[in-house]
Amino acid sequence: MAPIASDAAALLALRCPRCHEGHLFSRPAYHLTKFADMPAACPVCGQAFEPEPGFYFGAMFVSYAFSVAIFAVTTAALYFLAGDPALWVYIVGVGAVATACTPLALRYSRALMLYWFGGVHYQPGRAHRPAPAARA
């Protein structure tokens with residue numbers, strides 16, 4: 001597979017910030033019990049996905065911003081599309097959309113944290129590491 005040339009496109013595709021080929025997450029987002037599982041390192045280039053212990057605690061703030069945006073957009077959509085419904089409709093609607101978007105919010109908050117603060121930049125020549133020697 002050819003690497004993605006753009007940092008923004010690689011971020012949106014949730015790919016490794018160094019090689020733009022390896023996947024940041026082990027399982028798809030719809031695997032509800034393990035949607036947050038990340039490999040320790042990129043399977044293509046070997047880049048560590050956790051630069052230091054506790055690195056992703058900062059992603060909570062990014063995830064909070066995503067949640068506020070989800071709440072605001074959902075509330076505005078309900079107000080304008082449903083004609084200012086009853087309070088319970090807002091509570092159920094916002095709760096349902098926020099719950100459905102949780103896996104994506106978590107994944108993109110971690111990816112943004114890694115891209116912005118991980119200290120890793122795209123290196124096209126580092127895309128493929130040599131395979132480890134087979135042991136007898």
# chains A, B, ... in the order shown; residues from 1 in each chain; ligands from 1
call {"tool": "residues_around", "arguments": {"residues": "Arg110 of chain A", "least_positions_apart": "6", "cutoff": "12 Å", "atoms": "only C-alpha atoms", "output": "JSON, numbers by chain"}}
result
{"A": [11, 12, 14, 15, 16, 17, 24, 25, 36, 37, 38, 49, 50, 54, 55, 56, 57, 58, 59, 60, 61, 62, 63, 64, 66, 103, 104, 116, 117, 118]}
call {"tool": "select_by_dssp", "arguments": {"residues": "segment 4-135 of chain A", "states": "alpha helix (DSSP H)", "output": "number ranges by chain"}}
result
A: 7-12, 59-81, 87-117
call {"tool": "select_by_dssp", "arguments": {"residues": "chain A", "states": "strand (DSSP E or B)", "output": "list in words"}}
result
Arg15, His23, Ala41 and Ala48 of chain A
call {"tool": "atom_distance", "arguments": {"atom1": "atom CA of Glu52 of chain A", "atom2": "atom CA of Gln123 of chain A"}}
result
20.7 Å
call {"tool": "atom_distance", "arguments": {"atom1": "atom CA of Ala9 of chain A", "atom2": "atom CA of Ala96 of chain A"}}
result
28.3 Å
call {"tool": "atom_distance", "arguments": {"atom1": "atom CA of Ala5 of chain A", "atom2": "atom CA of Val44 of chain A"}}
result
15.7 Å
call {"tool": "residues_around", "arguments": {"residues": "Ile70 of chain A", "least_positions_apart": "6", "cutoff": "9 Å", "atoms": "only C-alpha atoms", "output": "CSV table (one decimal) with C-alpha atoms, in the first residue's frame"}}
result
chain,number,residue,atom,x,y,z
A,94,VAL,CA,-28.2,14.4,22.5
A,97,VAL,CA,-25.8,11.0,19.4
A,98,ALA,CA,-23.1,11.5,22.0
A,101,CYS,CA,-20.0,9.3,18.5
call {"tool": "residues_around", "arguments": {"residues": "Gly22 of chain A", "least_positions_apart": "5", "cutoff": "12 Å", "atoms": "only C-alpha atoms", "output": "list of chain:residue names"}}
result
A:Met1, A:Ala2, A:Pro3, A:Ile4, A:Ala10, A:Leu11, A:Ala13, A:Leu14, A:Arg15, A:Cys16, A:Pro17, A:Met38, A:Pro39, A:Ala40, A:Ala41, A:Cys42, A:Pro43, A:Val44, A:Cys45, A:Gly46, A:Gln47, A:Ala48, A:Phe49, A:Arg126, A:Ala127, A:His128, A:Arg129
call {"tool": "closest_atom_pairs", "arguments": {"of": "segment 45-134 of chain A", "to": "segment 29-34 of chain A", "cutoff": "12 Å", "atoms": "only C-alpha atoms", "output": "JSON lines"}}
result
{"residue": "A:Thr99", "atom": "CA", "partner": "A:Leu32", "partner_atom": "CA", "distance": 11.1}
{"residue": "A:Ala100", "atom": "CA", "partner": "A:Tyr30", "partner_atom": "CA", "distance": 9.6}
{"residue": "A:Cys101", "atom": "CA", "partner": "A:Ala29", "partner_atom": "CA", "distance": 9.8}
{"residue": "A:Thr102", "atom": "CA", "partner": "A:Ala29", "partner_atom": "CA", "distance": 9.5}
{"residue": "A:Pro103", "atom": "CA", "partner": "A:Ala29", "partner_atom": "CA", "distance": 5.9}
{"residue": "A:Leu104", "atom": "CA", "partner": "A:Ala29", "partner_atom": "CA", "distance": 6.8}
{"residue": "A:Ala105", "atom": "CA", "partner": "A:Ala29", "partner_atom": "CA", "distance": 10.3}
{"residue": "A:Leu106", "atom": "CA", "partner": "A:Ala29", "partner_atom": "CA", "distance": 9.7}
{"residue": "A:Arg107", "atom": "CA", "partner": "A:Ala29", "partner_atom": "CA", "distance": 8.2}
{"residue": "A:Tyr108", "atom": "CA", "partner": "A:Ala29", "partner_atom": "CA", "distance": 10.9}
call {"tool": "write_last_selection", "arguments": {"atoms": "C-alpha atoms", "output": "short mmCIF file (atom, residue, chain, number, x, y, z; two decimals), in the first residue's frame"}}
result
data_model
loop_
_atom_site.label_atom_id
_atom_site.label_comp_id
_atom_site.auth_asym_id
_atom_site.auth_seq_id
_atom_site.Cartn_x
_atom_site.Cartn_y
_atom_site.Cartn_z
CA THR A 99 -23.05 7.80 22.82
CA ALA A 100 -22.90 6.85 19.15
CA CYS A 101 -20.02 9.27 18.51
CA THR A 102 -17.95 8.26 21.56
CA PRO A 103 -15.69 5.76 19.72
CA LEU A 104 -14.89 8.30 17.00
CA ALA A 105 -14.33 11.14 19.47
CA LEU A 106 -11.90 9.00 21.48
CA ARG A 107 -10.01 7.80 18.43
CA TYR A 108 -9.63 11.23 16.84
#
